[in-house]
Amino acid sequence: MTSLEIAKWIHLLAAAVWTGGLIVLGFLVGAVRKATNDRGVLQAIARRFGVVSWTAMGVALATGLWMFFERRLTADRFQLKWTLVGIAIAVALVHQLTARKSSPAVRGALQGVIMLVSIGIFAAAVTLF
Ligand code: HEM
């Protein structure tokens with residue numbers, strides 16, 4: 001394996017963890033809310049989820065930028081993908097900072113937006129080359 005192939009492999013794993021995590025969490029939250037009224041359980045899940053998903057995003061950004069510069073690519077065809085990555089990060093930050101005070105409906109809506117935008121990043125990524 002070349003170093004570029006290793007970077008791509010890690011990039012795809014990190015992208016899968018970020019996006020797949022959001023999809024799985026979307027299914028889990030409803031089940032947890034049905035099983036218990038204890039908000040502490042959801043908060044514990046959210047905290048650990050945050051650590052895993054922000055780590056995955058950091059790894060995707062680092063490996064993505066590394067591949068971009070290593071392959072001497074140009075930014076023109078990356079515009080859609082980078083816009084979507086920026087939106088996903090911005091909405092995830094807003095979601096994280098407001099989650100304590102907002103209602104379950106608002107929290108769910110924001111999580112849904114982040115999930116859809118992240119699925120969109122995959123669509124933009126596979127049309128890059
Ligand atoms: C600054 C951020 C990012 C940069 C610069 C970047 C850059 C790249 C580059 C250069 C490739 C092509 C790899 C190759 O074919 O050798 C790629 C592929 C890919 N990226 Fe990213 N990426 C970033 C963030 C993300 C994120 C956040 C996700 C998903 C959540 C993602 C998902 C993908 C996917 C699915 C592919 C595979 C496309 C394919 O090979 O057909 N990327 N990325």
# chains A, B, ... in the order shown; residues from 1 in each chain; ligands from 1

$ residues_around --residues "stretch 15-25 of chain A" --least-positions-apart "2" --cutoff "10 Å" --atoms "only C-alpha atoms" --output "PyMOL selection string"
chain A and resi 9-13+27-31+45-46+49-50+52-61+64+111-112+114-122

$ residues_around --residues "A:Ala109" --least-positions-apart "6" --cutoff "12 Å" --atoms "only C-alpha atoms" --output "PyMOL selection string"
chain A and resi 26+91-92+95+99+102-103+115-116

$ atom_distance --atom1 "atom CA of A:Phe129" --atom2 "atom 21 (Fe, counted along the ligand's line) of ligand 1"
11.4 Å

$ closest_residue --among "A:Leu4, A:Val106, A:Val41, A:Leu97" --to "A:Phe69" --atoms "only C-alpha atoms"
A:Leu4

$ residues_around --residues "stretch 71-78 of chain A" --least-positions-apart "2" --cutoff "9 Å" --atoms "only C-alpha atoms" --output "PyMOL selection string"
chain A and resi 4+66-69+80-83+124-125+128

$ write_last_selection --atoms "N, CA and C atoms" --output "mmCIF file, in the first residue's frame"
data_model
loop_
_atom_site.group_PDB
_atom_site.id
_atom_site.type_symbol
_atom_site.label_atom_id
_atom_site.label_comp_id
_atom_site.auth_asym_id
_atom_site.auth_seq_id
_atom_site.Cartn_x
_atom_site.Cartn_y
_atom_site.Cartn_z
ATOM 1 N N LEU A 4 -0.547 7.271 0.040
ATOM 2 C CA LEU A 4 -1.819 7.870 -0.404
ATOM 3 C C LEU A 4 -2.984 6.896 -0.227
ATOM 4 N N TRP A 66 -4.560 16.220 3.484
ATOM 5 C CA TRP A 66 -3.274 15.610 3.137
ATOM 6 C C TRP A 66 -3.310 15.066 1.700
ATOM 7 N N MET A 67 -4.394 14.332 1.361
ATOM 8 C CA MET A 67 -4.517 13.788 -0.009
ATOM 9 C C MET A 67 -4.593 14.914 -1.032
ATOM 10 N N PHE A 68 -5.339 15.974 -0.646
ATOM 11 C CA PHE A 68 -5.535 17.106 -1.558
ATOM 12 C C PHE A 68 -4.194 17.737 -1.931
ATOM 13 N N PHE A 69 -3.352 17.987 -0.926
ATOM 14 C CA PHE A 69 -2.069 18.641 -1.197
ATOM 15 C C PHE A 69 -1.062 17.660 -1.801
ATOM 16 N N LEU A 80 -18.402 22.091 -3.972
ATOM 17 C CA LEU A 80 -19.646 21.561 -3.392
ATOM 18 C C LEU A 80 -19.330 20.759 -2.126
ATOM 19 N N LYS A 81 -18.302 19.887 -2.243
ATOM 20 C CA LYS A 81 -17.976 19.037 -1.096
ATOM 21 C C LYS A 81 -17.561 19.891 0.115
ATOM 22 N N TRP A 82 -16.696 20.880 -0.101
ATOM 23 C CA TRP A 82 -16.237 21.698 1.025
ATOM 24 C C TRP A 82 -17.364 22.536 1.612
ATOM 25 N N THR A 83 -18.281 22.995 0.753
ATOM 26 C CA THR A 83 -19.437 23.749 1.265
ATOM 27 C C THR A 83 -20.260 22.845 2.188
ATOM 28 N N ALA A 124 -21.295 14.069 -3.115
ATOM 29 C CA ALA A 124 -20.361 15.016 -3.745
ATOM 30 C C ALA A 124 -18.987 14.369 -3.905
ATOM 31 N N ALA A 125 -18.578 13.549 -2.907
ATOM 32 C CA ALA A 125 -17.238 12.944 -2.943
ATOM 33 C C ALA A 125 -17.113 11.940 -4.086
ATOM 34 N N LEU A 128 -16.264 13.301 -7.511
ATOM 35 C CA LEU A 128 -15.058 14.125 -7.640
ATOM 36 C C LEU A 128 -14.149 13.646 -8.767
#

$ closest_residue --among "A:Ala105, A:Ala88, A:Val126, A:Val32" --to "ligand 1" --atoms "only C-alpha atoms and all ligand atoms"
A:Val126

$ atom_distance --atom1 "atom 2 (C, counted along the ligand's line) of ligand 1" --atom2 "atom CA of A:Ser3"
17.8 Å

$ atom_distance --atom1 "atom 14 (C, counted along the ligand's line) of ligand 1" --atom2 "atom CA of A:Ala7"
8.8 Å

$ decode --residues "stretch 95-109 of chain A" --atoms "N, CA and C atoms" --output "PDB file, in the first residue's frame"
ATOM      1  N   HIS A  95     -25.812  22.536  17.085  1.00  0.00           N
ATOM      2  CA  HIS A  95     -26.568  21.480  17.762  1.00  0.00           C
ATOM      3  C   HIS A  95     -25.965  21.170  19.138  1.00  0.00           C
ATOM      4  N   GLN A  96     -24.623  21.019  19.150  1.00  0.00           N
ATOM      5  CA  GLN A  96     -23.962  20.663  20.402  1.00  0.00           C
ATOM      6  C   GLN A  96     -24.107  21.772  21.448  1.00  0.00           C
ATOM      7  N   LEU A  97     -23.981  23.037  20.997  1.00  0.00           N
ATOM      8  CA  LEU A  97     -24.015  24.158  21.949  1.00  0.00           C
ATOM      9  C   LEU A  97     -25.419  24.460  22.451  1.00  0.00           C
ATOM     10  N   THR A  98     -26.463  24.042  21.685  1.00  0.00           N
ATOM     11  CA  THR A  98     -27.834  24.385  22.092  1.00  0.00           C
ATOM     12  C   THR A  98     -28.610  23.184  22.627  1.00  0.00           C
ATOM     13  N   ALA A  99     -28.008  21.973  22.546  1.00  0.00           N
ATOM     14  CA  ALA A  99     -28.762  20.745  22.837  1.00  0.00           C
ATOM     15  C   ALA A  99     -29.397  20.733  24.234  1.00  0.00           C
ATOM     16  N   ARG A 100     -28.683  21.247  25.232  1.00  0.00           N
ATOM     17  CA  ARG A 100     -29.179  21.223  26.607  1.00  0.00           C
ATOM     18  C   ARG A 100     -30.510  21.950  26.753  1.00  0.00           C
ATOM     19  N   LYS A 101     -30.605  23.115  26.052  1.00  0.00           N
ATOM     20  CA  LYS A 101     -31.779  23.963  26.246  1.00  0.00           C
ATOM     21  C   LYS A 101     -32.889  23.691  25.238  1.00  0.00           C
ATOM     22  N   SER A 102     -32.581  23.034  24.133  1.00  0.00           N
ATOM     23  CA  SER A 102     -33.605  22.912  23.091  1.00  0.00           C
ATOM     24  C   SER A 102     -34.480  21.675  23.293  1.00  0.00           C
ATOM     25  N   SER A 103     -35.641  21.682  22.627  1.00  0.00           N
ATOM     26  CA  SER A 103     -36.602  20.585  22.780  1.00  0.00           C
ATOM     27  C   SER A 103     -36.136  19.375  21.974  1.00  0.00           C
ATOM     28  N   PRO A 104     -36.683  18.171  22.309  1.00  0.00           N
ATOM     29  CA  PRO A 104     -36.320  16.979  21.542  1.00  0.00           C
ATOM     30  C   PRO A 104     -36.607  17.153  20.053  1.00  0.00           C
ATOM     31  N   ALA A 105     -37.681  17.888  19.712  1.00  0.00           N
ATOM     32  CA  ALA A 105     -38.023  18.069  18.291  1.00  0.00           C
ATOM     33  C   ALA A 105     -36.936  18.868  17.565  1.00  0.00           C
ATOM     34  N   VAL A 106     -36.476  19.953  18.229  1.00  0.00           N
ATOM     35  CA  VAL A 106     -35.425  20.783  17.605  1.00  0.00           C
ATOM     36  C   VAL A 106     -34.125  19.986  17.507  1.00  0.00           C
ATOM     37  N   ARG A 107     -33.799  19.263  18.579  1.00  0.00           N
ATOM     38  CA  ARG A 107     -32.570  18.446  18.561  1.00  0.00           C
ATOM     39  C   ARG A 107     -32.626  17.421  17.432  1.00  0.00           C
ATOM     40  N   GLY A 108     -33.791  16.762  17.302  1.00  0.00           N
ATOM     41  CA  GLY A 108     -33.945  15.744  16.261  1.00  0.00           C
ATOM     42  C   GLY A 108     -33.837  16.361  14.875  1.00  0.00           C
ATOM     43  N   ALA A 109     -34.437  17.564  14.719  1.00  0.00           N
ATOM     44  CA  ALA A 109     -34.407  18.219  13.402  1.00  0.00           C
ATOM     45  C   ALA A 109     -32.965  18.559  13.015  1.00  0.00           C
TER      46      ALA A 109
END
